[in-house]
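A.B. asks: So that you have it, the file is final_29.cif, and it contains mmCIF, C-alpha atoms:
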data_input
loop_
_atom_site.label_atom_id
_atom_site.label_comp_id
_atom_site.auth_asym_id
_atom_site.auth_seq_id
_atom_site.Cartn_x
_atom_site.Cartn_y
_atom_site.Cartn_z
CA MET A 1 128.27 61.99 150.80
CA LYS A 2 128.79 64.97 153.06
CA ALA A 3 125.58 66.89 152.42
CA TYR A 4 125.65 70.69 152.46
CA PRO A 5 124.23 73.49 150.25
CA LEU A 6 126.20 73.59 147.02
CA ARG A 7 127.26 76.79 145.27
CA LEU A 8 127.86 76.21 141.58
CA THR A 9 129.74 77.98 138.82
CA LEU A 10 127.56 79.86 136.35
CA PRO A 11 127.65 78.97 132.65
CA ILE A 12 126.46 81.95 130.58
CA ALA A 13 124.91 82.14 127.10
CA THR A 14 125.26 85.37 125.08
CA HIS A 15 122.66 84.62 122.39
CA ILE A 16 121.48 87.40 120.12
CA PHE A 17 118.15 87.92 121.91
CA GLY A 18 119.78 88.84 125.26
CA GLY A 19 120.45 92.22 126.82
CA GLU A 20 120.96 93.77 130.27
CA LEU A 21 117.79 92.71 132.13
CA ILE A 22 119.46 90.09 134.32
CA LYS A 23 121.91 92.73 135.53
CA THR A 24 119.60 95.71 135.75
CA ARG A 25 116.08 94.52 136.54
CA LEU A 26 116.98 91.30 138.35
CA ALA A 27 120.07 92.92 139.94
CA LYS A 28 122.24 89.84 139.63
CA THR A 29 125.87 90.72 140.36
CA GLY A 30 129.20 89.28 139.32
CA LEU A 31 128.31 89.06 135.62
CA PRO A 32 130.66 89.96 132.77
CA ASP A 33 130.20 93.04 130.63
CA GLY A 34 128.19 92.78 127.44
CA ARG A 35 125.02 91.08 126.32
CA ILE A 36 123.73 88.19 128.44
CA ALA A 37 120.87 86.00 127.28
CA GLU A 38 120.91 83.23 129.89
CA THR A 39 122.55 82.37 133.19
CA TRP A 40 122.45 78.62 133.74
CA GLU A 41 121.88 78.44 137.48
CA VAL A 42 122.05 74.64 137.78
CA SER A 43 123.33 72.76 134.75
CA ASP A 44 124.58 69.28 133.93
CA VAL A 45 124.36 69.88 130.16
CA GLU A 46 127.48 68.77 128.31
CA GLY A 47 129.50 71.83 127.34
CA MET A 48 127.71 73.98 129.94
CA ARG A 49 128.27 71.88 133.06
CA ALA A 50 128.51 73.61 136.42
CA THR A 51 131.23 72.90 138.97
CA VAL A 52 130.93 73.03 142.75
CA LYS A 53 132.57 76.16 144.23
CA ASN A 54 132.40 75.51 147.98
CA GLY A 55 133.18 72.92 150.62
CA ASP A 56 134.54 69.41 150.32
CA TYR A 57 133.42 68.97 146.71
CA ALA A 58 134.86 72.23 145.36
CA GLY A 59 136.21 71.65 141.86
CA MET A 60 134.02 68.62 141.22
CA SER A 61 131.52 68.95 138.37
CA LEU A 62 127.82 68.51 139.03
CA HIS A 63 127.99 65.57 136.62
CA GLU A 64 130.73 63.83 138.61
CA LEU A 65 128.83 64.40 141.85
CA THR A 66 125.62 63.01 140.34
CA GLU A 67 127.39 59.91 139.08
CA ARG A 68 129.12 59.28 142.40
CA TYR A 69 126.22 60.02 144.75
CA PRO A 70 122.89 59.64 142.89
CA ASP A 71 120.90 58.60 145.96
CA GLU A 72 122.33 61.27 148.23
CA LEU A 73 122.37 64.13 145.73
CA VAL A 74 119.20 63.61 143.68
CA ALA A 75 116.88 61.19 145.49
CA PRO A 76 116.96 57.73 147.08
CA GLY A 77 116.79 55.14 144.31
CA TRP A 78 117.32 57.66 141.52
CA ARG A 79 119.43 56.63 138.51
CA GLY A 80 120.08 58.60 135.34
CA PRO A 81 122.75 59.82 132.95
CA HIS A 82 122.88 63.31 134.49
CA PHE A 83 121.38 65.60 137.12
CA PRO A 84 117.74 65.75 136.02
CA LEU A 85 117.02 69.49 136.30
CA LEU A 86 118.26 72.52 134.39
CA SER A 87 117.36 76.01 135.63
CA LYS A 88 118.06 79.41 134.07
CA PHE A 89 117.38 83.10 134.23
CA ILE A 90 116.57 84.21 130.66
CA ASP A 91 116.70 87.74 129.27
CA GLY A 92 114.14 88.10 126.48
CA THR A 93 115.07 91.67 125.54
CA GLY A 94 114.71 90.49 121.96
CA MET A 95 112.49 87.81 120.49
CA LEU A 96 113.66 84.26 121.03
CA PRO A 97 113.68 81.99 117.98
CA VAL A 98 110.50 80.13 117.11
CA HIS A 99 111.60 76.67 118.14
CA LEU A 100 110.76 73.43 119.89
CA HIS A 101 112.43 70.76 121.96
CA ALA A 102 111.73 67.10 121.36
CA ASN A 103 109.86 65.06 123.93
CA ASP A 104 111.47 61.91 125.35
CA GLU A 105 110.25 59.60 122.59
CA ALA A 106 111.38 61.84 119.72
CA ALA A 107 114.69 62.65 121.41
CA GLN A 108 115.50 58.96 121.70
CA ARG A 109 114.25 58.05 118.24
CA LEU A 110 115.51 60.99 116.18
CA GLU A 111 118.39 62.53 118.14
CA GLN A 112 119.86 59.58 120.03
CA GLN A 113 119.49 61.48 123.30
CA PRO A 114 118.40 59.93 126.62
CA ASN A 115 115.55 62.39 127.14
CA GLY A 116 113.77 65.35 125.63
CA LYS A 117 113.09 68.74 127.14
CA SER A 118 109.82 69.84 128.62
CA GLU A 119 110.11 73.21 130.33
CA ALA A 120 108.20 75.92 132.15
CA TRP A 121 108.56 79.71 132.14
CA HIS A 122 107.88 81.72 135.28
CA ILE A 123 107.58 85.37 134.26
CA LEU A 124 109.60 87.58 136.61
CA TRP A 125 108.90 90.74 134.63
CA ALA A 126 107.13 91.61 131.40
CA ALA A 127 106.69 95.00 129.79
CA PRO A 128 103.13 96.20 129.08
CA GLY A 129 101.89 94.51 125.92
CA ALA A 130 104.42 91.66 126.08
CA SER A 131 103.32 88.38 124.53
CA CYS A 132 104.53 84.94 123.55
CA LEU A 133 103.85 82.35 120.87
CA ALA A 134 103.01 78.85 122.05
CA GLY A 135 101.33 76.03 120.15
CA ILE A 136 99.60 75.66 116.79
CA LYS A 137 96.21 77.09 115.90
CA PRO A 138 93.39 74.57 115.30
CA GLY A 139 93.04 73.33 111.75
CA VAL A 140 96.56 74.18 110.56
CA ASN A 141 97.93 71.28 108.55
CA GLN A 142 101.61 70.56 108.07
CA PRO A 143 101.98 71.99 104.52
CA ARG A 144 100.41 75.27 105.62
CA LEU A 145 102.57 75.36 108.75
CA ARG A 146 105.74 74.69 106.77
CA ALA A 147 104.93 77.47 104.29
CA ALA A 148 104.17 79.93 107.11
CA LEU A 149 107.41 79.14 108.93
CA LEU A 150 109.41 79.64 105.73
CA ALA A 151 107.64 82.98 105.18
CA GLU A 152 108.16 84.00 108.87
CA GLU A 153 104.37 84.40 109.20
CA TYR A 154 104.29 82.97 112.72
CA ASP A 155 101.07 84.63 113.86
CA GLU A 156 99.21 83.05 110.96
CA VAL A 157 99.67 79.59 112.39
CA MET A 158 100.67 79.93 116.07
CA GLU A 159 98.71 80.94 119.16
CA ARG A 160 99.77 84.24 120.74
CA TYR A 161 99.15 84.90 124.43
CA PRO A 162 99.60 88.02 126.56
CA VAL A 163 102.38 87.72 129.12
CA LYS A 164 102.14 89.31 132.57
CA THR A 165 104.51 89.41 135.52
CA GLY A 166 103.73 86.41 137.72
CA ASP A 167 102.41 84.19 134.93
CA THR A 168 103.70 80.67 134.43
CA PHE A 169 103.57 78.71 131.17
CA TYR A 170 104.13 74.95 131.06
CA VAL A 171 105.67 74.02 127.69
CA PRO A 172 105.80 70.27 126.99
CA GLY A 173 108.39 68.76 124.68
CA GLY A 174 107.16 68.97 121.09
CA MET A 175 105.37 72.34 121.45
CA LEU A 176 106.43 75.11 119.05
CA HIS A 177 107.09 78.33 120.99
CA SER A 178 108.86 81.66 121.40
CA PHE A 179 108.77 84.57 123.83
CA GLY A 180 110.09 88.12 123.91
CA PRO A 181 110.70 90.91 123.43
CA ASP A 182 110.78 92.65 126.81
CA THR A 183 110.47 89.70 129.18
CA LEU A 184 112.57 88.33 132.04
CA ILE A 185 112.02 84.68 132.85
CA TYR A 186 113.04 81.94 135.23
CA GLU A 187 113.00 78.65 133.38
CA ILE A 188 113.03 75.13 134.82
CA GLU A 189 113.32 72.16 132.50
CA GLN A 190 114.65 68.71 131.82
CA THR A 191 118.40 68.52 131.46
CA SER A 192 118.92 68.77 127.72
CA ASN A 193 120.12 71.24 125.10
CA ILE A 194 118.38 69.77 122.06
CA GLN A 195 116.25 72.07 119.92
CA GLN A 196 115.05 72.67 116.39
CA HIS A 197 114.29 76.23 115.27
CA ALA A 198 112.68 77.89 112.31
CA MET A 199 114.51 81.20 112.09
CA PRO A 200 116.59 82.50 109.15
CA TRP A 201 119.39 83.44 111.59
CA GLN A 202 121.66 81.70 114.05
CA MET A 203 120.62 82.12 117.69
CA GLU A 204 124.21 82.59 118.84
CA ASP A 205 125.19 85.62 116.79
CA GLY A 206 122.40 86.50 114.34
CA SER A 207 124.32 85.35 111.28
CA LYS A 208 122.22 84.29 108.30
CA ILE A 209 121.26 80.69 107.61
CA SER A 210 121.22 79.55 103.99
CA PRO A 211 117.78 78.79 102.47
CA GLN A 212 118.73 75.15 102.01
CA GLU A 213 119.83 74.71 105.62
CA ARG A 214 116.74 76.52 106.85
CA GLU A 215 114.42 74.18 104.96
CA LYS A 216 116.30 71.25 106.45
CA ASN A 217 115.92 72.76 109.94
CA ILE A 218 112.19 73.28 109.51
CA ASP A 219 111.68 69.72 108.26
CA ALA A 220 113.55 68.42 111.32
CA LEU A 221 111.34 70.62 113.50
CA LEU A 222 108.16 69.30 111.89
CA ALA A 223 109.28 65.72 112.52
CA GLU A 224 109.36 66.44 116.27
CA LEU A 225 106.27 68.66 116.44
CA ARG A 226 103.25 67.63 118.53
CA PRO A 227 100.59 69.97 117.08
CA GLU A 228 97.89 68.85 119.53
CA LEU A 229 99.66 70.46 122.50
CA THR A 230 98.17 73.53 124.17
CA THR A 231 99.18 75.72 127.07
CA ARG A 232 97.71 78.64 128.97
CA PRO A 233 99.25 81.26 131.23
CA HIS A 234 98.15 81.05 134.85
CA GLN A 235 99.02 82.72 138.16
CA GLY A 236 99.55 79.49 140.13
CA LEU A 237 97.85 77.93 143.15
CA THR A 238 98.48 79.41 146.59
CA VAL A 239 98.89 77.44 149.81
CA GLU A 240 99.12 79.30 153.12
CA GLU A 241 101.39 76.84 154.90
CA ASN A 242 101.17 78.76 158.18
CA ASP A 243 101.36 82.36 159.35
CA ARG A 244 105.00 82.57 158.22
CA VAL A 245 105.06 80.75 154.87
CA THR A 246 103.09 81.19 151.65
CA ARG A 247 103.76 78.71 148.85
CA LEU A 248 102.70 79.48 145.29
CA PHE A 249 102.67 76.34 143.13
CA CYS A 250 103.75 77.68 139.73
CA CYS A 251 103.97 74.43 137.77
CA ALA A 252 104.15 70.69 138.34
CA GLY A 253 104.56 67.70 136.07
CA PRO A 254 106.43 64.41 135.94
CA TYR A 255 109.81 66.05 135.29
CA PHE A 256 109.82 69.09 137.57
CA ALA A 257 107.85 71.31 139.89
CA LEU A 258 108.39 74.97 140.73
CA GLU A 259 107.14 76.88 143.75
CA ARG A 260 107.51 80.52 144.75
CA TRP A 261 107.84 81.00 148.50
CA ARG A 262 107.29 84.07 150.66
CA VAL A 263 108.66 83.71 154.19
CA SER A 264 107.98 86.33 156.87
CA ALA A 265 109.89 84.70 159.75
CA ALA A 266 112.26 81.80 160.40
CA CYS A 267 110.94 78.42 159.28
CA ASP A 268 112.20 74.88 158.80
CA TYR A 269 111.93 73.07 155.48
CA SER A 270 112.25 69.29 155.16
CA PHE A 271 112.66 67.35 151.90
CA THR A 272 113.73 63.94 150.59
CA ARG A 273 114.76 64.96 147.06
CA ALA A 274 117.18 67.61 145.79
CA ARG A 275 115.98 71.21 145.88
CA ILE A 276 117.09 74.21 143.80
CA ILE A 277 116.71 77.50 145.70
CA SER A 278 116.91 80.72 143.65
CA ASN A 279 116.61 83.94 145.62
CA LEU A 280 114.41 86.74 144.23
CA GLY A 281 114.67 89.29 147.04
CA GLU A 282 116.90 90.57 149.81
CA PRO A 283 119.76 88.39 151.08
CA LEU A 284 118.41 85.12 152.43
CA GLN A 285 120.01 83.32 155.36
CA ILE A 286 119.93 79.52 155.22
CA GLU A 287 121.05 77.28 158.08
CA ALA A 288 121.80 73.58 157.76
CA ALA A 289 123.92 71.01 159.60
CA GLY A 290 125.09 73.60 162.11
CA GLU A 291 126.34 76.06 159.50
CA SER A 292 124.95 79.17 157.81
CA TRP A 293 124.91 80.36 154.20
CA THR A 294 123.83 83.70 152.72
CA LEU A 295 122.08 83.64 149.37
CA GLU A 296 122.27 87.01 147.65
CA ARG A 297 119.64 88.34 145.27
CA ALA A 298 119.39 86.22 142.08
CA GLU A 299 121.82 83.62 143.43
CA THR A 300 121.09 79.90 143.53
CA LEU A 301 121.93 77.02 145.87
CA LEU A 302 121.50 73.32 145.21
CA LEU A 303 120.37 71.39 148.29
CA PRO A 304 121.29 67.68 148.10
CA ALA A 305 118.57 65.19 149.00
CA ALA A 306 120.65 63.81 151.87
CA LEU A 307 120.73 67.21 153.55
CA GLY A 308 117.11 66.58 154.41
CA LYS A 309 116.33 69.83 156.19
CA VAL A 310 117.26 73.51 156.17
CA THR A 311 116.08 76.56 158.08
CA PHE A 312 115.28 79.80 156.29
CA SER A 313 116.25 82.10 159.11
CA THR A 314 115.42 85.49 157.55
CA PRO A 315 112.35 86.78 155.70
CA GLY A 316 112.57 86.36 151.96
CA GLU A 317 111.10 85.46 148.60
CA PHE A 318 112.58 82.67 146.55
CA LEU A 319 111.91 79.92 144.03
CA VAL A 320 112.06 76.21 144.88
CA GLY A 321 112.58 73.74 142.02
CA TYR A 322 112.56 69.96 142.33
CA VAL A 323 111.66 66.63 140.74
CA PRO A 324 108.40 65.88 142.53
CA ASP A 325 106.60 62.92 143.91
CA LEU A 326 103.51 64.35 142.24
CA GLU A 327 100.93 62.68 144.42
CA ALA A 328 102.58 63.27 147.78
CA GLU A 329 104.25 66.64 147.20
CA VAL A 330 101.80 68.38 144.84
CA ASN A 331 98.39 66.75 144.47
CA GLN A 332 97.70 65.93 148.12
CA PRO A 333 98.67 69.35 149.55
CA LEU A 334 96.60 71.13 146.90
CA ARG A 335 93.56 68.90 147.34
CA ALA A 336 93.77 69.48 151.09
CA ARG A 337 93.42 73.23 150.40
CA GLY A 338 90.32 72.68 148.29
CA TYR A 339 91.72 72.74 144.75
CA ASP A 340 89.98 70.42 142.30
CA GLU A 341 91.60 68.12 139.75
CA GLN A 342 91.08 70.54 136.86
CA ALA A 343 92.88 73.35 138.69
CA ILE A 344 95.77 71.07 139.63
CA ALA A 345 96.04 69.72 136.06
CA MET A 346 96.59 73.27 134.78
CA LEU A 347 99.98 73.26 136.51
CA GLY A 348 101.31 70.73 134.01
CA ASP A 349 100.79 69.22 130.60
CA VAL A 350 97.35 70.28 129.33
CA LYS A 351 97.48 68.60 125.92
CA ASP A 352 93.97 67.23 126.44
CA GLN A 353 92.50 70.59 127.44
CA LEU A 354 89.45 71.57 125.40
CA ARG A 355 89.97 74.64 123.24
#
Just dump the structure as structure tokens.
C.D. replies:
Amino acid sequence: MKAYPLRLTLPIATHIFGGELIKTRLAKTGLPDGRIAETWEVSDVEGMRATVKNGDYAGMSLHELTERYPDELVAPGWRGPHFPLLSKFIDGTGMLPVHLHANDEAAQRLEQQPNGKSEAWHILWAAPGASCLAGIKPGVNQPRLRAALLAEEYDEVMERYPVKTGDTFYVPGGMLHSFGPDTLIYEIEQTSNIQQHAMPWQMEDGSKISPQEREKNIDALLAELRPELTTRPHQGLTVEENDRVTRLFCCAGPYFALERWRVSAACDYSFTRARIISNLGEPLQIEAAGESWTLERAETLLLPAALGKVTFSTPGEFLVGYVPDLEAEVNQPLRARGYDEQAIAMLGDVKDQLR
């Protein structure tokens, strides 16, 4: 594989909860007119697959590239049915549906899918008073939960948390959740589009769902629910790499990790697994293999594993998403900066956390 930073096409979802935040507050350009709920920055989801736009692989889908060059694109020794990460900007102008995504076991058993969908939300902006629903309150049994979902009494049975700019929520597969209104989010997750939701309307256009279909949907949701799961918002763990680079570890688990970098001067970055770089600030200059690329605000590049090293040659602020070697790439660097195991565990699945 000829390794170079890949620019990808941008699948877009226009679900009913979207608005103008990705255009106005995030200042992402090149978007069509009208409501936008999600821009799928890196996607190998069937029906929403991205295609390479630049260089030798222009016109090739991310799926084709992953199948042809798994070691060079994703990671040495990696095998799988698709590129393992999905990343999005999400406009929560309206409330998202109360929904869940199956975990791996339920996805394979109930939906004949290769994997489920754990995810994390990094809050880029939230209006004062914004909140989200995530997880089930203690002591709520399934009959009570089913009745509350049918009655749209979500706060009676679900935990509600305040949402602030800079927060990150880790949301494991099987956790019931919703966010919005008035939030703008970067989401990283397993590659999947499976979900079960409890709403009386279709997510795509707001059209009504019949009572019979809704009961069927809620029963399917309950079959995949893991009511023991909990989450908490947190502001991440900071590592001062040197006088030029600050890394904020936003989340980390077996499927993905997300960091937010602030760079004040040129710096090199080495890696052995694919990296997703999403720019949050002024244009960012990236140099690799003797060439240079400019990443505009709210644009994304996919760095193949075989590229191995890039130089961020201008100051900037950006997100870095990847499938981690948890011990080497997350746990050890954080322990070396004095973080204990409890603090590190909060970056991921906290299902065993005491209430």
A.B. asks: Pick out the closest residue to Ala120 of chain A from this set: A:Glu189, A:Glu159, A:Glu327, A:Asp71. Count only C-alpha atoms.
C.D. replies: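 Result for the nearest residue to Ala120 of chain A: A:Glu189.
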A.B. asks: Using the chain letters and numbering of this document, enumerate as a list in words the residues selected by the PyMOL selection byres ((chain A and resi 173-176) around 6).
C.D. replies: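 Going through the file, the PyMOL selection byres ((chain A and resi 173-176) around 6) ends up selecting His99, Leu100, His101, Ala102, Asn103, Lys117, Ser118, Ala134, Gly135, Pro172, His177, Glu224, Leu225 and Arg226 of chain A.
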A.B. asks: Nearest residue to Cys132 of chain A out of A:Tyr170, A:Phe89, A:Phe83, A:Phe179, using all atoms listed in the file?
C.D. replies: A:Phe179
A.B. asks: With the PyMOL selection byres ((chain A and resi 80) around 9) as the selection, what would be picked from this file? Answer as number ranges by chain, please.
C.D. replies: A: 66-67, 70, 78-79, 81-84, 114
A.B. asks: So what does the PyMOL selection byres ((chain A and resi 232) around 10) actually pick up in this one, as a list in words?
C.D. replies: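 On this input, the PyMOL selection byres ((chain A and resi 232) around 10) captures Ala134, Gly135, Tyr161, Pro162, Asp167, Thr168, Phe169, Tyr170, Val171, Thr230, Thr231, Pro233, His234, Met346, Leu347, Val350 and Gln353 of chain A.
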A.B. asks: Compile a residue-level contact table for segment 84-191 of chain A against segment 293-311 of chain A at a cut-off of 12 Å, reporting for every qualifying residue the shortest atom pair and its distance in Å to one decimal, with all atoms listed in the file counted, rows ordered by chain and ascending number, as a tab-separated table.
C.D. replies:
residue	atom	partner	partner_atom	distance
A:Leu85	CA	A:Leu302	CA	10.7
A:Leu86	CA	A:Leu302	CA	11.3
A:Ser87	CA	A:Thr300	CA	9.6
A:Lys88	CA	A:Thr300	CA	9.9
A:Phe89	CA	A:Ala298	CA	8.7
A:Ile90	CA	A:Ala298	CA	11.9
A:Leu124	CA	A:Ala298	CA	11.3
A:Ile185	CA	A:Ala298	CA	11.9
A:Tyr186	CA	A:Ala298	CA	10.3
A.B. asks: What is the atom CA of Asp219 of chain A-atom CA of Thr93 of chain A distance in Å, reported with one decimal?
C.D. replies: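 Distance reported for this atom pair: 28.1 Å.
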A.B. asks: Please, what distance in Å, to one decimal, runs between atom CA of His63 of chain A and atom CA of His122 of chain A?
C.D. replies: 25.8 Å
A.B. asks: Which residue out of A:Trp201, A:Phe271, A:Trp261, A:Tyr255 has the minimum interatomic distance to Glu119 of chain A when all atoms listed in the file are used?
C.D. replies: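 Smallest separation from Glu119 of chain A among the options: A:Tyr255.
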A.B. asks: Compile the contact shell of segment 126-128 of chain A as a ChimeraX atom specification: residues with an atom at most 6 Å away, counting all atoms listed in the file, same-chain residues fewer than 5 positions apart removed.
C.D. replies: /A:164-165,182-183
A.B. asks: Would you export the selected residues with C-alpha atoms as a PDB file, in the coordinates of the input, please?
C.D. replies:
ATOM      1  CA  LYS A 164     102.140  89.310 132.570  1.00  0.00           C
ATOM      2  CA  THR A 165     104.510  89.410 135.520  1.00  0.00           C
ATOM      3  CA  ASP A 182     110.780  92.650 126.810  1.00  0.00           C
ATOM      4  CA  THR A 183     110.470  89.700 129.180  1.00  0.00           C
TER       5      THR A 183
END
A.B. asks: Rebuild segment 240-249 of chain A to all heavy atoms - output it as a PDB file, in the coordinates of the input, please.
C.D. replies:
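Ended up saving to selection.pdb:
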ATOM      1  N   GLU A 240      98.647  78.640 151.898  1.00  0.00           N
ATOM      2  CA  GLU A 240      99.120  79.300 153.120  1.00  0.00           C
ATOM      3  C   GLU A 240      99.577  78.198 154.070  1.00  0.00           C
ATOM      4  O   GLU A 240      98.777  77.580 154.764  1.00  0.00           O
ATOM      5  CB  GLU A 240      98.010  80.140 153.741  1.00  0.00           C
ATOM      6  CG  GLU A 240      97.492  81.255 152.855  1.00  0.00           C
ATOM      7  CD  GLU A 240      98.490  82.393 152.673  1.00  0.00           C
ATOM      8  OE1 GLU A 240      99.475  82.453 153.458  1.00  0.00           O
ATOM      9  OE2 GLU A 240      98.300  83.209 151.759  1.00  0.00           O
ATOM     10  N   GLU A 241     100.863  77.942 154.097  1.00  0.00           N
ATOM     11  CA  GLU A 241     101.390  76.840 154.900  1.00  0.00           C
ATOM     12  C   GLU A 241     101.162  77.086 156.390  1.00  0.00           C
ATOM     13  O   GLU A 241     100.785  76.195 157.137  1.00  0.00           O
ATOM     14  CB  GLU A 241     102.879  76.667 154.595  1.00  0.00           C
ATOM     15  CG  GLU A 241     103.467  75.384 155.087  1.00  0.00           C
ATOM     16  CD  GLU A 241     103.053  74.187 154.245  1.00  0.00           C
ATOM     17  OE1 GLU A 241     102.469  74.360 153.164  1.00  0.00           O
ATOM     18  OE2 GLU A 241     103.319  73.065 154.687  1.00  0.00           O
ATOM     19  N   ASN A 242     101.421  78.307 156.816  1.00  0.00           N
ATOM     20  CA  ASN A 242     101.170  78.760 158.180  1.00  0.00           C
ATOM     21  C   ASN A 242     101.273  80.276 158.168  1.00  0.00           C
ATOM     22  O   ASN A 242     101.293  80.887 157.080  1.00  0.00           O
ATOM     23  CB  ASN A 242     102.168  78.126 159.177  1.00  0.00           C
ATOM     24  CG  ASN A 242     103.614  78.274 158.719  1.00  0.00           C
ATOM     25  OD1 ASN A 242     104.051  79.373 158.366  1.00  0.00           O
ATOM     26  ND2 ASN A 242     104.343  77.169 158.702  1.00  0.00           N
ATOM     27  N   ASP A 243     101.338  80.899 159.332  1.00  0.00           N
ATOM     28  CA  ASP A 243     101.360  82.360 159.350  1.00  0.00           C
ATOM     29  C   ASP A 243     102.692  82.950 158.930  1.00  0.00           C
ATOM     30  O   ASP A 243     102.842  84.169 158.830  1.00  0.00           O
ATOM     31  CB  ASP A 243     100.961  82.895 160.735  1.00  0.00           C
ATOM     32  CG  ASP A 243     101.892  82.408 161.844  1.00  0.00           C
ATOM     33  OD1 ASP A 243     102.828  81.631 161.549  1.00  0.00           O
ATOM     34  OD2 ASP A 243     101.671  82.800 163.001  1.00  0.00           O
ATOM     35  N   ARG A 244     103.670  82.093 158.633  1.00  0.00           N
ATOM     36  CA  ARG A 244     105.000  82.570 158.220  1.00  0.00           C
ATOM     37  C   ARG A 244     105.334  82.255 156.767  1.00  0.00           C
ATOM     38  O   ARG A 244     106.210  82.886 156.181  1.00  0.00           O
ATOM     39  CB  ARG A 244     106.088  81.944 159.103  1.00  0.00           C
ATOM     40  CG  ARG A 244     106.056  82.382 160.552  1.00  0.00           C
ATOM     41  CD  ARG A 244     106.887  81.452 161.409  1.00  0.00           C
ATOM     42  NE  ARG A 244     106.311  80.112 161.454  1.00  0.00           N
ATOM     43  CZ  ARG A 244     106.946  79.034 161.927  1.00  0.00           C
ATOM     44  NH1 ARG A 244     108.186  79.138 162.363  1.00  0.00           N
ATOM     45  NH2 ARG A 244     106.350  77.865 161.940  1.00  0.00           N
ATOM     46  N   VAL A 245     104.656  81.261 156.179  1.00  0.00           N
ATOM     47  CA  VAL A 245     105.060  80.750 154.870  1.00  0.00           C
ATOM     48  C   VAL A 245     103.870  80.695 153.923  1.00  0.00           C
ATOM     49  O   VAL A 245     102.839  80.095 154.238  1.00  0.00           O
ATOM     50  CB  VAL A 245     105.665  79.329 154.988  1.00  0.00           C
ATOM     51  CG1 VAL A 245     106.048  78.793 153.609  1.00  0.00           C
ATOM     52  CG2 VAL A 245     106.870  79.334 155.916  1.00  0.00           C
ATOM     53  N   THR A 246     104.046  81.319 152.746  1.00  0.00           N
ATOM     54  CA  THR A 246     103.090  81.190 151.650  1.00  0.00           C
ATOM     55  C   THR A 246     103.789  80.538 150.478  1.00  0.00           C
ATOM     56  O   THR A 246     104.842  81.000 150.031  1.00  0.00           O
ATOM     57  CB  THR A 246     102.547  82.565 151.222  1.00  0.00           C
ATOM     58  OG1 THR A 246     101.891  83.184 152.324  1.00  0.00           O
ATOM     59  CG2 THR A 246     101.563  82.422 150.068  1.00  0.00           C
ATOM     60  N   ARG A 247     103.203  79.445 149.992  1.00  0.00           N
ATOM     61  CA  ARG A 247     103.760  78.710 148.850  1.00  0.00           C
ATOM     62  C   ARG A 247     102.850  78.917 147.641  1.00  0.00           C
ATOM     63  O   ARG A 247     101.653  78.649 147.710  1.00  0.00           O
ATOM     64  CB  ARG A 247     103.857  77.227 149.170  1.00  0.00           C
ATOM     65  CG  ARG A 247     104.740  76.882 150.325  1.00  0.00           C
ATOM     66  CD  ARG A 247     104.541  75.444 150.789  1.00  0.00           C
ATOM     67  NE  ARG A 247     104.904  74.469 149.760  1.00  0.00           N
ATOM     68  CZ  ARG A 247     104.697  73.154 149.905  1.00  0.00           C
ATOM     69  NH1 ARG A 247     104.104  72.688 150.997  1.00  0.00           N
ATOM     70  NH2 ARG A 247     105.060  72.318 148.946  1.00  0.00           N
ATOM     71  N   LEU A 248     103.410  79.388 146.556  1.00  0.00           N
ATOM     72  CA  LEU A 248     102.700  79.480 145.290  1.00  0.00           C
ATOM     73  C   LEU A 248     103.197  78.369 144.387  1.00  0.00           C
ATOM     74  O   LEU A 248     104.365  78.357 143.985  1.00  0.00           O
ATOM     75  CB  LEU A 248     102.942  80.847 144.635  1.00  0.00           C
ATOM     76  CG  LEU A 248     102.300  81.045 143.257  1.00  0.00           C
ATOM     77  CD1 LEU A 248     100.784  81.154 143.394  1.00  0.00           C
ATOM     78  CD2 LEU A 248     102.876  82.284 142.565  1.00  0.00           C
ATOM     79  N   PHE A 249     102.313  77.408 144.070  1.00  0.00           N
ATOM     80  CA  PHE A 249     102.670  76.340 143.130  1.00  0.00           C
ATOM     81  C   PHE A 249     102.566  76.907 141.720  1.00  0.00           C
ATOM     82  O   PHE A 249     101.471  77.200 141.234  1.00  0.00           O
ATOM     83  CB  PHE A 249     101.739  75.146 143.309  1.00  0.00           C
ATOM     84  CG  PHE A 249     102.028  74.314 144.525  1.00  0.00           C
ATOM     85  CD1 PHE A 249     101.624  74.736 145.784  1.00  0.00           C
ATOM     86  CD2 PHE A 249     102.714  73.112 144.412  1.00  0.00           C
ATOM     87  CE1 PHE A 249     101.882  73.969 146.916  1.00  0.00           C
ATOM     88  CE2 PHE A 249     102.978  72.334 145.537  1.00  0.00           C
ATOM     89  CZ  PHE A 249     102.564  72.764 146.795  1.00  0.00           C
TER      90      PHE A 249
END
